[in-house]
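*Asks:* Dropping in target-v4.txt, which is compact mmCIF, C-alpha atoms:
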```txt
# COMPACT_ATOMS: atom_id res chain seq x y z
CA MET A 1 0.00 0.00 0.00
CA SER A 2 1.45 3.30 -1.00
CA SER A 3 0.65 6.52 0.70
CA ARG A 4 1.85 10.06 0.65
CA TRP A 5 3.52 9.51 3.99
CA GLN A 6 5.83 6.83 2.75
CA ASP A 7 8.41 8.86 0.90
CA ASP A 8 11.69 7.47 -0.31
CA ARG A 9 13.59 8.65 2.75
CA ARG A 10 11.94 5.99 4.79
CA PRO A 11 12.91 2.37 4.63
CA THR A 12 10.07 0.26 3.27
CA LEU A 13 10.70 -2.63 5.61
CA PRO A 14 8.41 -2.91 8.60
CA ALA A 15 9.69 -1.43 11.81
CA HIS A 16 10.56 -4.71 13.48
CA ALA A 17 12.41 -5.97 10.40
CA ARG A 18 14.77 -3.02 10.31
CA GLY A 19 15.46 -3.37 13.98
CA MET A 20 14.06 -0.05 15.10
CA ARG A 21 12.14 -1.51 17.94
CA ASP A 22 12.16 -4.81 19.64
CA THR A 23 8.64 -4.09 20.76
CA ALA A 24 7.18 -4.92 17.36
CA ARG A 25 7.63 -8.61 18.05
CA PRO A 26 7.28 -8.85 21.77
CA ARG A 27 8.98 -12.13 22.47
CA LYS A 28 9.47 -11.90 26.17
CA ILE A 29 6.07 -10.74 27.19
CA PRO A 30 4.86 -12.40 30.33
CA SER A 31 1.60 -14.09 29.45
CA TYR A 32 -0.13 -13.22 32.66
CA GLY A 33 -3.84 -13.54 32.55
CA VAL A 34 -6.72 -12.54 34.67
CA PRO A 35 -6.95 -12.62 37.59
CA ALA A 36 -4.27 -14.60 39.41
CA LYS A 37 -1.40 -13.90 37.07
CA ILE A 38 -2.01 -10.19 37.20
CA MET A 39 -1.02 -10.37 40.82
CA ASP A 40 2.25 -12.02 39.76
CA ALA A 41 2.82 -9.24 37.26
CA MET A 42 2.18 -6.68 39.93
CA MET A 43 4.71 -8.39 42.14
CA LYS A 44 7.18 -8.54 39.28
CA SER A 45 6.78 -4.85 38.56
CA ASN A 46 8.64 -4.17 41.78
CA SER A 47 11.53 -6.40 40.82
CA SER A 48 14.58 -5.33 38.83
CA GLU A 49 13.66 -7.75 36.02
CA SER A 50 10.78 -5.61 34.87
CA SER A 51 12.51 -2.28 35.20
CA SER A 52 13.71 -2.24 31.59
CA THR A 53 11.09 -0.67 29.34
CA PRO A 54 11.42 -0.79 25.56
CA PHE A 55 10.22 2.78 25.06
CA ASP A 56 12.71 5.54 25.66
CA LEU A 57 11.66 8.40 27.85
CA GLU A 58 13.23 10.61 25.20
CA ASP A 59 10.89 9.16 22.55
CA LEU A 60 7.89 9.81 24.74
CA VAL A 61 8.86 13.34 25.75
CA LEU A 62 9.80 14.42 22.23
CA GLY A 63 6.63 12.81 20.89
CA ALA A 64 4.59 14.63 23.51
CA LEU A 65 6.17 17.96 22.58
CA GLY A 66 5.51 17.31 18.89
CA PHE A 67 1.95 16.31 19.64
CA TYR A 68 1.46 19.52 21.63
CA TRP A 69 2.47 21.62 18.61
CA LEU A 70 0.21 19.62 16.29
CA ILE A 71 -2.82 20.07 18.55
CA PHE A 72 -1.96 23.74 19.12
CA GLY A 73 -1.85 24.37 15.37
CA PHE A 74 -5.10 22.54 14.66
CA TYR A 75 -7.03 24.20 17.48
CA VAL A 76 -5.88 27.71 16.65
CA SER A 77 -6.72 27.11 12.97
CA ILE A 78 -10.19 25.85 13.83
CA LEU A 79 -10.81 28.79 16.17
CA VAL A 80 -9.76 31.25 13.46
CA LEU A 81 -11.93 29.48 10.87
CA ILE A 82 -14.93 29.56 13.22
CA ALA A 83 -14.34 33.26 13.93
CA VAL A 84 -14.04 34.06 10.20
CA GLY A 85 -17.14 31.99 9.44
CA TYR A 86 -19.07 33.81 12.16
CA LEU A 87 -17.98 37.21 10.82
CA ILE A 88 -18.95 36.28 7.27
CA LEU A 89 -22.36 35.07 8.42
CA THR A 90 -23.05 38.15 10.53
CA GLU A 91 -21.54 40.78 8.24
CA GLY A 92 -22.78 39.30 5.00
CA ASP A 93 -20.70 41.44 2.62
CA LEU A 94 -18.09 38.91 1.68
CA LEU A 95 -17.09 40.66 -1.53
CA ASN A 96 -15.83 43.76 0.29
CA HIS A 97 -13.49 41.72 2.48
CA LYS A 98 -11.79 39.58 -0.13
CA THR A 99 -8.29 40.97 0.55
CA ASP A 100 -8.72 40.55 4.31
CA LEU A 101 -9.84 36.97 3.85
CA VAL A 102 -6.90 36.13 1.58
CA LEU A 103 -4.53 37.71 4.12
CA ILE A 104 -6.08 35.81 7.05
CA PHE A 105 -6.00 32.48 5.23
CA SER A 106 -2.42 33.02 4.07
CA LEU A 107 -1.28 33.82 7.60
CA LEU A 108 -3.19 30.81 8.87
CA ALA A 109 -1.55 28.54 6.30
CA ILE A 110 1.91 29.86 7.27
CA PHE A 111 1.12 29.37 10.96
CA LEU A 112 -0.15 25.83 10.38
CA ALA A 113 2.89 24.97 8.27
CA PHE A 114 5.17 26.29 11.03
CA CYS A 115 3.40 24.19 13.66
CA GLN A 116 3.63 21.07 11.46
CA TRP A 117 7.31 21.72 10.77
CA PHE A 118 8.08 22.26 14.43
CA ALA A 119 6.06 19.18 15.44
CA ARG A 120 7.80 17.07 12.82
CA GLY A 121 11.13 18.23 14.14
CA PHE A 122 10.27 16.90 17.58
CA ILE A 123 8.52 13.71 16.51
CA GLU A 124 11.15 12.61 14.01
CA LYS A 125 13.95 13.82 16.27
CA ARG A 126 15.46 16.19 13.76
CA PHE A 127 16.69 18.46 16.48
CA ARG A 128 17.07 16.20 19.42
CA ARG A 129 20.26 17.96 20.50
CA ILE A 130 18.37 21.10 21.22
CA ALA A 131 15.49 19.30 22.86
CA THR A 132 16.03 21.27 26.04
CA PRO A 133 15.64 24.75 24.54
CA GLY A 134 12.81 23.39 22.42
CA ALA A 135 11.16 22.15 25.56
CA MET A 136 11.74 25.56 27.10
CA ILE A 137 9.90 27.23 24.24
CA CYS A 138 7.07 24.74 24.62
CA VAL A 139 6.81 25.26 28.35
CA TYR A 140 6.75 28.99 27.77
CA SER A 141 3.99 28.58 25.18
CA ILE A 142 2.01 26.30 27.47
CA LEU A 143 2.35 28.81 30.30
CA ASN A 144 1.15 31.60 28.07
CA VAL A 145 -1.79 29.57 26.77
CA VAL A 146 -2.85 28.33 30.19
CA TYR A 147 -2.53 31.68 31.92
CA GLY A 148 -3.97 33.45 28.90
CA ILE A 149 -7.06 31.28 29.06
CA ASN A 150 -7.40 31.70 32.79
CA ASP A 151 -6.54 35.39 32.59
CA ILE A 152 -4.33 35.14 35.64
CA ALA A 153 -1.59 37.72 35.95
CA ILE A 154 1.22 35.52 37.25
CA LEU A 155 3.20 36.29 34.12
CA ASP A 156 2.56 39.99 33.81
CA ASN A 157 3.30 41.90 30.64
CA ARG A 158 6.86 42.80 31.58
CA ILE A 159 7.86 39.23 32.37
CA GLY A 160 6.02 37.98 29.28
CA SER A 161 7.76 40.48 27.00
CA PHE A 162 11.16 39.75 28.54
CA MET A 163 10.69 36.00 28.05
CA THR A 164 9.51 36.48 24.47
CA LEU A 165 12.61 38.58 23.76
CA LEU A 166 14.85 35.89 25.28
CA VAL A 167 13.21 33.14 23.24
CA ILE A 168 13.50 35.14 20.01
CA ILE A 169 17.17 35.99 20.64
CA PHE A 170 17.93 32.39 21.50
CA THR A 171 16.11 30.95 18.46
CA VAL A 172 17.68 33.40 16.01
CA GLY A 173 21.09 32.85 17.61
CA VAL A 174 20.82 29.08 17.33
CA ILE A 175 19.68 29.15 13.72
CA PHE A 176 22.30 31.61 12.47
CA HIS A 177 25.25 30.77 14.68
CA LYS A 178 27.78 28.48 13.03
CA ARG A 179 27.75 25.83 15.69
CA GLY A 180 24.05 26.23 16.22
CA ARG A 181 23.37 25.69 12.52
CA LYS A 182 25.35 22.49 12.68
CA THR A 183 23.32 21.07 15.51
CA PHE A 184 20.03 22.65 14.50
CA ASN A 185 19.94 20.65 11.27
CA LEU A 186 16.28 21.18 10.58
CA PHE A 187 16.65 21.15 6.84
CA LYS A 188 18.31 17.79 6.62
CA SER A 189 16.24 14.67 6.32
CA ALA A 190 15.45 12.65 9.40
CA GLN A 191 17.72 9.78 10.22
CA TYR A 192 16.09 6.44 10.76
CA LEU A 193 18.99 4.52 12.12
CA PRO A 194 18.24 1.34 14.02
CA ARG A 195 18.78 1.71 17.72
CA GLN A 196 21.83 -0.18 18.90
CA MET B 197 -19.45 -14.37 37.27
CA SER B 198 -16.29 -13.39 35.49
CA ASP B 199 -13.36 -12.63 37.77
CA LEU B 200 -12.95 -9.31 36.03
CA LEU B 201 -16.33 -8.16 37.30
CA ARG B 202 -15.09 -8.23 40.88
CA PRO B 203 -14.23 -4.62 41.75
CA GLN B 204 -10.89 -5.44 43.39
CA ILE B 205 -9.74 -7.52 40.40
CA ALA B 206 -10.86 -4.82 37.96
CA ALA B 207 -8.99 -2.20 39.97
CA VAL B 208 -5.82 -4.31 40.08
CA HIS B 209 -6.10 -4.86 36.33
CA TRP B 210 -6.39 -1.10 35.80
CA LEU B 211 -3.34 -0.53 38.01
CA SER B 212 -1.31 -3.14 36.15
CA TRP B 213 -2.21 -1.38 32.88
CA ILE B 214 -0.98 1.91 34.26
CA LEU B 215 2.24 0.47 35.66
CA ARG B 216 3.05 -1.84 32.75
CA PRO B 217 1.18 -0.45 29.75
CA GLN B 218 3.21 -2.12 27.04
CA ASN B 219 3.12 -5.61 28.47
CA THR B 220 -0.60 -5.45 29.16
CA VAL B 221 -1.38 -4.10 25.70
CA TYR B 222 0.76 -6.61 23.86
CA SER B 223 -0.51 -9.56 25.87
CA LEU B 224 -4.06 -8.49 24.96
CA LEU B 225 -3.10 -7.94 21.33
CA GLN B 226 -1.83 -11.49 21.15
CA LYS B 227 -5.18 -12.73 22.36
CA VAL B 228 -7.12 -10.87 19.64
CA THR B 229 -7.12 -13.64 17.06
CA ASN B 230 -8.02 -16.34 19.55
CA ALA B 231 -10.58 -14.77 21.77
CA GLU B 232 -11.81 -11.47 20.40
CA ARG B 233 -14.95 -11.53 22.48
CA GLN B 234 -13.00 -12.03 25.67
CA VAL B 235 -10.75 -9.11 24.75
CA TYR B 236 -13.74 -6.79 24.22
CA HIS B 237 -15.14 -7.91 27.56
CA GLN B 238 -11.84 -7.12 29.23
CA LEU B 239 -11.67 -3.72 27.53
CA LEU B 240 -15.21 -2.85 28.55
CA VAL B 241 -14.49 -3.76 32.16
CA THR B 242 -11.31 -1.65 32.12
CA TRP B 243 -13.20 1.33 30.69
CA ALA B 244 -15.97 0.90 33.26
CA THR B 245 -13.34 0.75 36.03
CA VAL B 246 -11.77 3.97 34.79
CA ALA B 247 -15.18 5.67 34.61
CA ALA B 248 -16.03 4.42 38.11
CA ILE B 249 -12.75 5.79 39.51
CA ASP B 250 -13.43 9.13 37.81
CA ILE B 251 -16.86 9.22 39.43
CA VAL B 252 -15.53 8.35 42.88
CA LEU B 253 -12.99 11.17 42.54
CA SER B 254 -15.84 13.61 41.95
CA PHE B 255 -17.88 12.47 45.00
CA PRO B 256 -16.50 15.11 47.43
CA LEU B 257 -17.12 17.95 44.96
CA GLY B 258 -20.61 16.70 44.22
CA ASN B 259 -21.35 16.56 47.93
CA LEU B 260 -20.07 20.13 48.32
CA PHE B 261 -22.68 21.30 45.81
CA GLY B 262 -25.58 19.34 47.26
CA VAL B 263 -25.34 16.11 45.28
CA PRO B 264 -24.92 13.13 47.63
CA TRP B 265 -22.85 10.15 46.50
CA ASN B 266 -25.96 7.97 46.13
CA ASN B 267 -27.67 10.30 43.66
CA ALA B 268 -28.13 7.75 40.90
CA GLY B 269 -29.51 10.22 38.34
CA PHE B 270 -26.49 12.51 38.52
CA TYR B 271 -23.80 9.84 38.59
CA ALA B 272 -25.41 7.32 36.22
CA SER B 273 -25.72 9.94 33.50
CA TYR B 274 -22.12 10.98 34.23
CA PHE B 275 -21.03 7.35 33.86
CA PHE B 276 -22.76 6.92 30.49
CA CYS B 277 -21.44 10.25 29.23
CA LEU B 278 -17.93 9.12 30.16
CA MET B 279 -18.36 5.77 28.40
CA ILE B 280 -19.69 7.48 25.27
CA THR B 281 -16.77 9.93 25.38
CA LEU B 282 -14.24 7.09 25.60
CA ALA B 283 -15.91 5.12 22.80
CA VAL B 284 -16.12 8.15 20.48
CA ALA B 285 -12.49 9.10 21.13
CA ALA B 286 -11.19 5.56 20.53
CA THR B 287 -13.19 4.89 17.35
CA THR B 288 -12.33 8.33 15.94
CA ALA B 289 -8.64 7.49 16.39
CA HIS B 290 -9.15 4.26 14.43
CA PHE B 291 -11.03 5.91 11.56
CA MET B 292 -8.55 8.76 11.41
CA LEU B 293 -5.70 6.25 11.02
CA LEU B 294 -7.62 4.64 8.15
CA ALA B 295 -8.28 8.07 6.61
CA PHE B 296 -4.53 8.65 6.58
CA ARG B 297 -4.12 5.29 4.79
CA LEU B 298 -2.35 3.82 7.77
CA LYS B 299 -2.73 0.29 9.03
CA SER B 300 -5.34 -0.07 11.73
CA ASN B 301 -7.55 -2.83 13.02
CA ILE B 302 -10.47 -1.72 15.17
CA THR B 303 -9.88 -4.26 17.97
CA GLU B 304 -6.15 -3.77 18.12
CA THR B 305 -6.44 0.03 17.98
CA LEU B 306 -9.05 -0.01 20.75
CA ILE B 307 -6.68 -2.05 22.92
CA ILE B 308 -3.81 0.33 22.29
CA TYR B 309 -5.99 3.40 22.79
CA THR B 310 -7.16 2.04 26.15
CA THR B 311 -3.68 2.96 27.38
CA PHE B 312 -4.69 6.61 27.12
CA ILE B 313 -7.98 5.87 28.82
CA VAL B 314 -6.36 4.18 31.84
CA TYR B 315 -4.43 7.39 32.49
CA SER B 316 -7.70 9.30 32.66
CA PRO B 317 -8.10 9.18 36.51
CA PRO B 318 -4.83 11.08 37.17
CA ILE B 319 -5.95 13.65 34.60
CA SER B 320 -9.33 13.91 36.34
CA LEU B 321 -7.51 14.39 39.63
CA PHE B 322 -5.56 17.30 38.16
CA ASN B 323 -8.79 18.67 36.74
CA LEU B 324 -10.55 18.78 40.12
CA PRO B 325 -9.97 22.55 40.57
CA ALA B 326 -11.42 23.13 37.08
CA THR B 327 -14.40 20.93 37.98
CA TYR B 328 -14.86 22.94 41.16
CA ARG B 329 -14.88 26.17 39.14
CA THR B 330 -17.42 24.77 36.69
CA TYR B 331 -19.72 23.53 39.47
CA ASN B 332 -19.38 26.87 41.21
CA LEU B 333 -20.30 28.83 38.08
CA VAL B 334 -23.31 26.63 37.29
CA SER B 335 -24.38 26.91 40.91
CA GLN B 336 -24.17 30.72 40.77
CA ILE B 337 -26.06 30.88 37.49
CA LYS B 338 -28.76 28.71 39.03
CA HIS B 339 -28.77 30.80 42.23
CA GLN B 340 -29.56 33.93 40.22
CA HIS B 341 -32.51 32.13 38.60
CA LEU B 342 -31.14 32.63 35.11
CA ASP B 343 -32.46 30.52 32.29
CA LEU B 344 -29.48 28.78 30.79
CA TRP B 345 -30.61 29.04 27.18
CA HIS B 346 -32.17 32.51 27.11
CA ASP B 347 -29.83 34.35 29.47
CA LEU B 348 -26.61 32.96 28.08
CA LYS B 349 -25.08 36.44 27.75
CA LEU B 350 -25.79 37.22 31.42
CA ALA B 351 -24.32 33.85 32.39
CA LEU B 352 -21.17 34.65 30.45
CA ASP B 353 -20.98 38.02 32.25
CA ILE B 354 -21.03 36.20 35.58
CA ILE B 355 -18.14 34.06 34.40
CA LYS B 356 -16.16 37.15 33.35
CA LYS B 357 -16.77 38.98 36.63
CA GLN B 358 -15.53 36.11 38.79
CA PRO B 359 -12.91 37.33 41.28
CA TYR B 360 -9.69 35.31 41.23
CA GLY B 361 -9.15 33.14 44.23
CA LEU B 362 -6.87 30.39 45.38
CA ILE B 363 -8.80 27.81 43.38
CA ASP B 364 -8.06 29.68 40.13
CA TYR B 365 -4.33 29.66 40.83
CA LEU B 366 -4.53 25.99 41.78
CA ASP B 367 -6.37 25.35 38.54
CA GLY B 368 -3.66 27.13 36.56
CA PHE B 369 -0.98 24.86 38.00
CA ALA B 370 -3.08 21.69 37.94
CA GLN B 371 -3.75 22.15 34.23
CA HIS B 372 -0.03 21.80 33.62
CA GLY B 373 -0.11 18.44 35.38
CA ALA B 374 -3.14 17.30 33.37
CA LEU B 375 -1.51 18.46 30.15
CA PHE B 376 1.74 16.66 31.00
CA VAL B 377 0.05 13.34 31.82
CA GLY B 378 -2.24 13.62 28.79
CA LEU B 379 0.60 14.35 26.39
CA ILE B 380 2.80 11.54 27.71
CA ALA B 381 -0.13 9.07 27.57
CA THR B 382 -0.86 10.13 23.98
CA SER B 383 2.78 9.75 23.09
CA LEU B 384 2.71 6.25 24.59
CA VAL B 385 -0.31 5.35 22.44
CA ALA B 386 1.33 6.78 19.32
CA GLU B 387 4.57 4.85 19.94
CA MET B 388 2.59 1.63 20.36
CA LEU B 389 0.64 2.28 17.15
CA ILE B 390 3.95 2.90 15.37
CA SER B 391 5.70 -0.18 16.66
CA TRP B 392 2.75 -2.58 16.43
CA TYR B 393 1.60 -1.71 12.91
CA GLY B 394 4.92 -0.40 11.56
CA ASN B 395 3.21 2.87 10.56
CA PRO B 396 5.26 6.03 9.82
CA ARG B 397 5.87 8.17 12.89
CA PHE B 398 4.72 11.60 11.91
CA ALA B 399 1.61 10.32 10.13
CA VAL B 400 0.50 8.47 13.27
CA TYR B 401 0.99 11.55 15.45
CA THR B 402 -0.85 13.76 12.93
CA ALA B 403 -3.73 11.29 12.65
CA LEU B 404 -4.01 11.10 16.45
CA ALA B 405 -3.93 14.89 16.80
CA LEU B 406 -6.64 15.31 14.17
CA SER B 407 -8.69 12.55 15.76
CA TYR B 408 -8.58 14.48 19.08
CA VAL B 409 -9.82 17.61 17.36
CA VAL B 410 -12.61 15.77 15.52
CA ALA B 411 -13.61 13.84 18.65
CA ALA B 412 -13.68 17.07 20.67
CA LEU B 413 -15.95 18.73 18.08
CA VAL B 414 -18.27 15.71 17.98
CA LEU B 415 -18.41 15.49 21.77
CA ILE B 416 -19.15 19.20 22.18
CA PHE B 417 -22.38 18.69 20.22
CA LEU B 418 -23.12 15.19 21.50
CA ILE B 419 -22.25 15.35 25.20
CA GLY B 420 -22.03 19.11 25.81
CA PRO B 421 -25.79 19.81 26.04
CA ILE B 422 -26.37 16.70 28.19
CA GLU B 423 -23.58 17.75 30.58
CA ILE B 424 -24.96 21.30 30.88
CA VAL B 425 -28.47 20.05 31.61
CA ARG B 426 -27.14 17.46 34.07
CA LEU B 427 -25.15 20.03 36.06
CA TYR B 428 -27.92 22.62 35.89
CA SER B 429 -30.59 20.25 37.12
CA TYR B 430 -28.72 18.59 39.99
CA LEU B 431 -26.29 21.14 41.46
CA GLU B 432 -27.57 23.40 44.22
```
Give the structure from the file, written as structure tokens.
*Replies:*
Amino acid sequence: MSSRWQDDRRPTLPAHARGMRDTARPRKIPSYGVPAKIMDAMMKSNSSESSSTPFDLEDLVLGALGFYWLIFGFYVSILVLIAVGYLILTEGDLLNHKTDLVLIFSLLAIFLAFCQWFARGFIEKRFRRIATPGAMICVYSILNVVYGINDIAILDNRIGSFMTLLVIIFTVGVIFHKRGRKTFNLFKSAQYLPRQ
Amino acid sequence: MSDLLRPQIAAVHWLSWILRPQNTVYSLLQKVTNAERQVYHQLLVTWATVAAIDIVLSFPLGNLFGVPWNNAGFYASYFFCLMITLAVAATTAHFMLLAFRLKSNITETLIIYTTFIVYSPPISLFNLPATYRTYNLVSQIKHQHLDLWHDLKLALDIIKKQPYGLIDYLDGFAQHGALFVGLIATSLVAEMLISWYGNPRFAVYTALALSYVVAALVLIFLIGPIEIVRLYSYLE
């Protein structure tokens, strides 16, 4: 089955065949059942034998950050579309606002593309080396969204502006600095190397 | 009676799913071909356990607003709303994967998606301040004898004029916790979908994100009115 997602950068072999994850063929899964064996599993979960988990915390955290940006992009887009739809329905004179509409939709498309690009960077680990500053940006965004929704002035305007300035300086610095450009290799394709 | 229907066994099963999500999911996935009916039964019991825990967590708040724990009308409708929410969210995820031309089998995807559902009680716990705020607002709207449908603008004014208190600050912080647990649980589900089916990473994440948006829109129209009427009729 071919799909637009399966471009030629990706290996066509299934995940377990190319050794990305051992989890695809779970060989050593304890076949505990219900109910008595569940108790055994619960007991085992305290032992050192079960402490190794196939999923990396890094995978989960980066995936979560990517997912946050995806959801953020979709929700903002839907909110803008609903607002535009409401304005069109109430105002009625669509022809007089053609330029405004084109401008709004263009900005929305750019914003959505940015969110997708940023999310892809996290999910496919294109900039794993700068995961920490990326996480910082995300935390800052989350804080702004949460406190913006709740309208609570913990982050007042001065602190907010200062943090925005810091984030902008940092991002621009990382992208344009020589060493930063080397590590911030956003424009290179993702590497799908099997985990050793 | 099935062993799973005993509350203590169901609770232990839910705990084991939280503590060892991958092992539980994969052991169930291996059973799919042999005993699909048994798997569905197990899933349903797990979902019911999660919904029951969510309800128990809301008992103190309900009591605070004049709804005793044995108010069957309030909590039974809550239970069914929760079950419908879970079912809609899980099936939307499956259909969204298919829409993206990714591999997905309804039973297997439901099993994997249950991992997100079992993390719902911690999220509900973090959302308690938000629930308190909602109950408080509905209670105030009711106290002022406003009709919910006709005086919607006045009701919104009440919400805007709310003074900020400790609960609002608590809510602000608790939402971070809920967001963190929710995102990690979603990431866990996505990683399992990727490794089990061999689907491409970004496509799975995008499909899941879109499924959340679609499910949220569906639930707003499906469950939203029921929830408003439920709170408005029972809270004091």
*Asks:* Provide the CA of Ala247 in chain B to CA of Trp69 in chain A distance in Å, to one decimal place.
*Replies:*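 Separation of CA of Ala247 in chain B and CA of Trp69 in chain A: 28.7 Å.
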*Asks:* Find the residues of chain B that sit at most 6 Å from chain A; for each, write down the nearest two atoms and how far apart they are in Å, to one decimal. Count only C-alpha atoms. Sort by chain, then by number going up, and give it as a Markdown table.
*Replies:*
```
| residue | atom | partner | partner_atom | distance |
| --- | --- | --- | --- | --- |
| B:Leu379 | CA | A:Ala64 | CA | 4.9 |
| B:Ile380 | CA | A:Ala64 | CA | 5.5 |
| B:Ser383 | CA | A:Ala64 | CA | 5.2 |
| B:Ser391 | CA | A:Ala24 | CA | 5.0 |
| B:Trp392 | CA | A:Ala24 | CA | 5.1 |
| B:Gly394 | CA | A:Ala15 | CA | 4.9 |
| B:Ala405 | CA | A:Ile71 | CA | 5.6 |
```
*Asks:* Give me, as a PyMOL selection string, all polymer residues having an atom no more than 12 Å from Thr330 in chain B, counting all atoms listed in the file and skipping those fewer than 2 positions away in the same chain.
*Replies:* chain B and resi 257-258+261+323-328+332-337+355+358+363-364+367+423-424+427-428+431
*Asks:* Just C-alpha atoms for this one: save the residues we selected as a short mmCIF file (atom, residue, chain, number, x, y, z; two decimals), keeping the file's coordinate frame.
*Replies:*
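So the final result, stored in out05.cif, reads:
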```
data_model
loop_
_atom_site.label_atom_id
_atom_site.label_comp_id
_atom_site.auth_asym_id
_atom_site.auth_seq_id
_atom_site.Cartn_x
_atom_site.Cartn_y
_atom_site.Cartn_z
CA LEU B 257 -17.12 17.95 44.96
CA GLY B 258 -20.61 16.70 44.22
CA PHE B 261 -22.68 21.30 45.81
CA ASN B 323 -8.79 18.67 36.74
CA LEU B 324 -10.55 18.78 40.12
CA PRO B 325 -9.97 22.55 40.57
CA ALA B 326 -11.42 23.13 37.08
CA THR B 327 -14.40 20.93 37.98
CA TYR B 328 -14.86 22.94 41.16
CA ASN B 332 -19.38 26.87 41.21
CA LEU B 333 -20.30 28.83 38.08
CA VAL B 334 -23.31 26.63 37.29
CA SER B 335 -24.38 26.91 40.91
CA GLN B 336 -24.17 30.72 40.77
CA ILE B 337 -26.06 30.88 37.49
CA ILE B 355 -18.14 34.06 34.40
CA GLN B 358 -15.53 36.11 38.79
CA ILE B 363 -8.80 27.81 43.38
CA ASP B 364 -8.06 29.68 40.13
CA ASP B 367 -6.37 25.35 38.54
CA GLU B 423 -23.58 17.75 30.58
CA ILE B 424 -24.96 21.30 30.88
CA LEU B 427 -25.15 20.03 36.06
CA TYR B 428 -27.92 22.62 35.89
CA LEU B 431 -26.29 21.14 41.46
#
```
*Asks:* Write out as a count of residues only each polymer residue whose atoms come within 8 Å of Ile419 in chain B, counting all atoms listed in the file; drop sequence neighbours fewer than 4 positions from it.
*Replies:* 4
*Asks:* Might you pull out every residue within 10 Å of Leu240 in chain B, with all atoms listed in the file counted and same-chain residues fewer than 4 positions away left off, and present them as a list in words?
*Replies:*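 Those residues are Gln234, Val235, Tyr236, Ala244, Thr245, Val246, Met279, Ala283 and Thr310 of chain B.
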*Asks:* So, with all atoms listed in the file as the atoms that count, which of B:Ile390, B:Leu224, B:Val208, B:Val252 lies closest to Pro264 in chain B?
*Replies:* B:Val252
*Asks:* Could you tell me how far CA of Phe255 in chain B sits from CA of Ala272 in chain B, in Å to one decimal place?
*Replies:* 12.7 Å
*Asks:* Between CA of Gln340 in chain B and CA of Ala268 in chain B, what is the distance, to one decimal in Å?
*Replies:*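 Those two atoms sit 26.2 Å apart.
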*Asks:* Pick the closest to Leu253 in chain B from B:Thr288, B:Ser212, B:Gln218, B:Ser316: which is it, counting only C-alpha atoms?
*Replies:* B:Ser316
